[in-house]
Amino acid sequence: MELITQENLDKTRRWLRAILVIGMILLILFIIFIAGLITYGKAKGPPPLAVPQTTIFYAQDGKTIIGESIHNGENRYWMPLSEISQEVIEATISIEDRKFYNHYGFDVKRIVGAIIADIKAMAKVQGASTISQQYARNLFLEHDKTWKRKFDEALYTVRLETNYNKDEILEGYLNTIYYGHGAYGIEAAANYYFNKHAKDLTLEEAAMLAGIPKAPSYYSPFNDEQKAKTRQKIVLQSMENNNLITEAEVNKAFETPLQFNTDHDITHKQIAPYFQDAVKLALKDVVKLDERTIELGGLRVYTTLDPTAQEIAETNIANIINPKSEIQVALMSMEPKTGKVRALVGGRDYIKSPFNRVTQAERMPGSTFKPFLFYAALENGFTPSTKMRSEPMNFPYDEGRAVYRPDNYNNYYANDFITMAQALALSDNIYAVKTHMFLGVNKLVETAKQLGITSDLTAVPSLALGTSSVKMMDMVKAYGMIANGGISVTPIFIEKVVNHKGEVIYRSKREKEQVLDPALAFVTAHLMTGMFDKKLNSYTSVTGQSIANGLTRLYAGKSGTTKTDSWMIGFTPQLVTGVWIGYDRDETIDIVAERAYAKRIWAKYMEEALQDKPFVGFKPPKGVVPAYVDPANGLLATSDCKNARLTYFVEGTEPTEYCSVHLPNGEEKHEEKEGLEEQPDKGWFERIFKWW
């Protein structure tokens, strides 16, 4: 046996002192660490616990609820702990965190046990999150599996534990945990699964619900009742292990049949589901709310939707489109002066296809692109009376390496000179492409971007006929700018957002910017009224002739048709609306009746939506002058011109030459403008024009 020498004793003492010093240092560091955590938690203050209730969307009247929630029927209600059955509380603590009342947010023994189990299995097999940690994750964080998320979760857990007592944390957890099928919180779950309040849940019901949050899609009794029953048994046994119930109570609860609620299988029709999706997007992109805030904020979102206008849109779409057809539709209607979107339809059946064809799809606009071209032409010296010859012709481009040969609809050509006013009313493609080439192919791209078109545009001759795909929202916005005298219009879906405390956290603001020349915008709008005026009929019908007789007020608009798309966009000072018709898979529109859908839907919608609104005319801005002209040649009309049409020009560009075509014996006669007021019947168009 080795003798214990003084030297060995001294060495042992030195080691013990070193260990004691290291231990003391570690203890001090641990105390400092704990104190630091507590200080951090107190300094950051208490994080908000409550999700008062489901986020709700309101229509423009502030009363009509257009959606119960923003996430596919998710429902959340906040119930105090006293309104939750004791069985639920005990079942939840037993299965999720049996030492909940005895730790400070982290169960160290459980964490170590989980680490050992995971190492043995070489996989993630056991969780160690406490109720506090789960609550922190549910309230504030995304469910991604990163170290940053885990670190943030730990900090939120510290804040919870240092600022709230255990009952407050448990109450928050039970009100925010997900139970599947869109039910967040125990009250929503009790209602969804058993059609009762959380305070009325029995032991067997409480055990069933407490087992679901581990994997809602896996343990939901509506998805797999056998797995749900197995999980229920585990919950009951954990309660027995915690001495909360007896073995007999376990068996009785497990064997008691559960009466599930099946009423939720009857789904209620949501109002304007595509509009609601646009609101959700605006909450993220405009209001700048993150998804967790939107999901858990208990918000009251006051939208711009007009339920009456929305119903008119949906009803006319359903009545006009053949129910057996697979053709799709998009409609957007907004106020030109405010940008407030009053109706939106993104497709024929949201359940079958939630793809929003107003905000997401890009389609060729066809001739609805021509008003942008003619605005650019007016900006560069053209007038409504500018004449060019319409006849079949080729247009070389790309330095002569390519040739473009456009066709008019049904191959109808004037084979003569026509005015710009006629060209737009008749949708003459030759006139449009000639204008486009004269201005230079890049000019239309610049003008379209100025009007708010965000899609990529190809600067080629065919762009004049709308061959680059665009979004409907952009097109309606651009037409709204023309209707608004050239002032920019941004579509608005949200008036204001109120948080669960009743505080207004967002209110829409209208920012005015004069983008277009107001005089040129007005003249362009007036040109767009021509599609409904038969006086501009020359070699073929005006494009709005099929619906003109059903219109009771003055509209400006333009239709457009390609092989795959049919459009109609038009406006009054109060409302601008666009309608698109087409197939999702680029099928051609071969049925004549389907090509007429867009115009018919637009006309019926506008007439009914404005039925109770006053007749409001566009007010000509400074720098615009009226003149009666002969539509056939754009010259000033005389009393002998029976078809004289009131036309607006930018001051200084109005015609000065009088029409002599209709004079008796071919004599030229010059009349003063005052004499034009005594012309014979001017027709419905001019009578309506008194509002301009």
# chains A, B, ... in the order shown; residues from 1 in each chain; ligands from 1
>>> residues_around(residues="Met437 of chain A", least_positions_apart="2", cutoff="10 Å", atoms="only C-alpha atoms", output="PyMOL selection string")
chain A and resi 395-397+432-435+439-444+460-462+464
>>> write_last_selection(atoms="N, CA and C atoms", output="compact mmCIF listing (two decimals), in the first residue's frame")
# COMPACT_ATOMS: atom_id res chain seq x y z
N PHE A 395 -45.89 45.61 -93.13
CA PHE A 395 -45.08 46.53 -92.34
C PHE A 395 -43.71 45.89 -92.10
N PRO A 396 -42.68 46.31 -92.82
CA PRO A 396 -41.33 45.78 -92.57
C PRO A 396 -40.83 46.29 -91.21
N TYR A 397 -40.05 45.47 -90.54
CA TYR A 397 -39.44 45.90 -89.27
C TYR A 397 -38.16 45.10 -89.05
N ALA A 432 -54.12 51.40 -86.52
CA ALA A 432 -53.36 51.27 -85.27
C ALA A 432 -51.90 50.96 -85.53
N VAL A 433 -51.63 50.00 -86.40
CA VAL A 433 -50.23 49.62 -86.65
C VAL A 433 -49.50 50.75 -87.38
N LYS A 434 -50.17 51.44 -88.30
CA LYS A 434 -49.55 52.59 -88.96
C LYS A 434 -49.14 53.64 -87.93
N THR A 435 -50.05 53.92 -87.00
CA THR A 435 -49.76 54.90 -85.94
C THR A 435 -48.58 54.45 -85.10
N LEU A 439 -44.93 56.38 -84.73
CA LEU A 439 -44.40 56.87 -83.45
C LEU A 439 -43.09 56.21 -83.08
N GLY A 440 -42.86 55.02 -83.61
CA GLY A 440 -41.70 54.22 -83.18
C GLY A 440 -42.16 53.18 -82.17
N VAL A 441 -41.75 51.94 -82.34
CA VAL A 441 -42.32 50.84 -81.55
C VAL A 441 -42.05 50.96 -80.05
N ASN A 442 -41.05 51.73 -79.67
CA ASN A 442 -40.75 51.87 -78.23
C ASN A 442 -41.69 52.85 -77.53
N LYS A 443 -42.33 53.73 -78.31
CA LYS A 443 -43.18 54.75 -77.70
C LYS A 443 -44.36 54.13 -76.97
N LEU A 444 -44.98 53.12 -77.55
CA LEU A 444 -46.12 52.47 -76.90
C LEU A 444 -45.69 51.77 -75.62
N VAL A 460 -42.63 45.45 -80.79
CA VAL A 460 -42.77 44.97 -82.16
C VAL A 460 -44.03 45.58 -82.77
N PRO A 461 -44.21 45.51 -84.09
CA PRO A 461 -45.41 46.10 -84.70
C PRO A 461 -46.72 45.57 -84.13
N SER A 462 -46.77 44.29 -83.79
CA SER A 462 -48.02 43.70 -83.31
C SER A 462 -48.42 44.16 -81.92
N ALA A 464 -49.20 46.99 -81.06
CA ALA A 464 -50.34 47.91 -81.23
C ALA A 464 -51.66 47.18 -81.11
>>> select_by_dssp(residues="segment 283-520 of chain A", states="alpha helix (DSSP H)", output="PyMOL selection string")
chain A and resi 283-285+291-296+307-320+370-379+420-426+429-439+441-450+472-483+518-520
>>> residues_around(residues="Lys509 of chain A", least_positions_apart="4", cutoff="12 Å", atoms="only C-alpha atoms", output="number ranges by chain")
A: 286-287, 338-340, 489-496
>>> write_last_selection(atoms="N, CA and C atoms", output="mmCIF file, in the first residue's frame")
data_model
loop_
_atom_site.group_PDB
_atom_site.id
_atom_site.type_symbol
_atom_site.label_atom_id
_atom_site.label_comp_id
_atom_site.auth_asym_id
_atom_site.auth_seq_id
_atom_site.Cartn_x
_atom_site.Cartn_y
_atom_site.Cartn_z
ATOM 1 N N VAL A 286 -48.931 45.562 -48.526
ATOM 2 C CA VAL A 286 -49.237 46.984 -48.337
ATOM 3 C C VAL A 286 -49.190 47.369 -46.857
ATOM 4 N N VAL A 287 -49.892 46.609 -46.037
ATOM 5 C CA VAL A 287 -49.928 46.911 -44.599
ATOM 6 C C VAL A 287 -48.635 46.477 -43.921
ATOM 7 N N THR A 338 -60.907 57.029 -56.490
ATOM 8 C CA THR A 338 -60.359 56.584 -55.208
ATOM 9 C C THR A 338 -59.526 55.321 -55.308
ATOM 10 N N GLY A 339 -59.740 54.533 -56.346
ATOM 11 C CA GLY A 339 -59.046 53.253 -56.473
ATOM 12 C C GLY A 339 -59.666 52.146 -55.648
ATOM 13 N N LYS A 340 -60.780 52.433 -54.979
ATOM 14 C CA LYS A 340 -61.399 51.418 -54.125
ATOM 15 C C LYS A 340 -62.057 50.333 -54.978
ATOM 16 N N VAL A 489 -54.032 55.950 -60.342
ATOM 17 C CA VAL A 489 -55.008 55.231 -59.523
ATOM 18 C C VAL A 489 -54.376 53.927 -59.070
ATOM 19 N N THR A 490 -54.311 53.704 -57.770
ATOM 20 C CA THR A 490 -53.819 52.441 -57.227
ATOM 21 C C THR A 490 -54.989 51.662 -56.645
ATOM 22 N N PRO A 491 -55.213 50.432 -57.101
ATOM 23 C CA PRO A 491 -56.322 49.646 -56.545
ATOM 24 C C PRO A 491 -56.174 49.466 -55.036
ATOM 25 N N ILE A 492 -57.247 49.771 -54.316
ATOM 26 C CA ILE A 492 -57.247 49.673 -52.853
ATOM 27 C C ILE A 492 -58.254 48.598 -52.429
ATOM 28 N N PHE A 493 -57.820 47.670 -51.597
ATOM 29 C CA PHE A 493 -58.692 46.619 -51.098
ATOM 30 C C PHE A 493 -59.030 46.808 -49.616
ATOM 31 N N ILE A 494 -58.204 47.582 -48.918
ATOM 32 C CA ILE A 494 -58.367 47.732 -47.470
ATOM 33 C C ILE A 494 -58.511 49.203 -47.109
ATOM 34 N N GLU A 495 -59.586 49.521 -46.380
ATOM 35 C CA GLU A 495 -59.784 50.887 -45.873
ATOM 36 C C GLU A 495 -58.955 51.108 -44.612
ATOM 37 N N LYS A 496 -59.073 50.175 -43.679
ATOM 38 C CA LYS A 496 -58.314 50.284 -42.430
ATOM 39 C C LYS A 496 -58.230 48.918 -41.762
#
>>> residues_around(residues="segment 341-352 of chain A", least_positions_apart="4", cutoff="6 Å", atoms="only C-alpha atoms", output="JSON, numbers by chain")
{"A": [274, 275, 304, 305, 306, 309, 310, 328, 329, 330, 331, 332, 333, 334, 356, 357, 358, 492, 493]}
>>> select_by_dssp(residues="segment 192-306 of chain A", states="strand (DSSP E)", output="PyMOL selection string")
chain A and resi 300-303
>>> closest_residue(among="A:Ser367, A:Asn394, A:Asn319, A:Asn537", to="Ala421 of chain A", atoms="only C-alpha atoms")
A:Asn537
>>> residues_around(residues="Ala525 of chain A", least_positions_apart="5", cutoff="9 Å", atoms="only C-alpha atoms", output="list in words")
Pro371, Tyr479, Ile482, Ala483, Gly485, Leu520, Ala556 and Gly557 of chain A
>>> closest_residue(among="A:Glu225, A:Glu90, A:Val301, A:Ser353", to="Gln237 of chain A", atoms="only C-alpha atoms")
A:Glu90
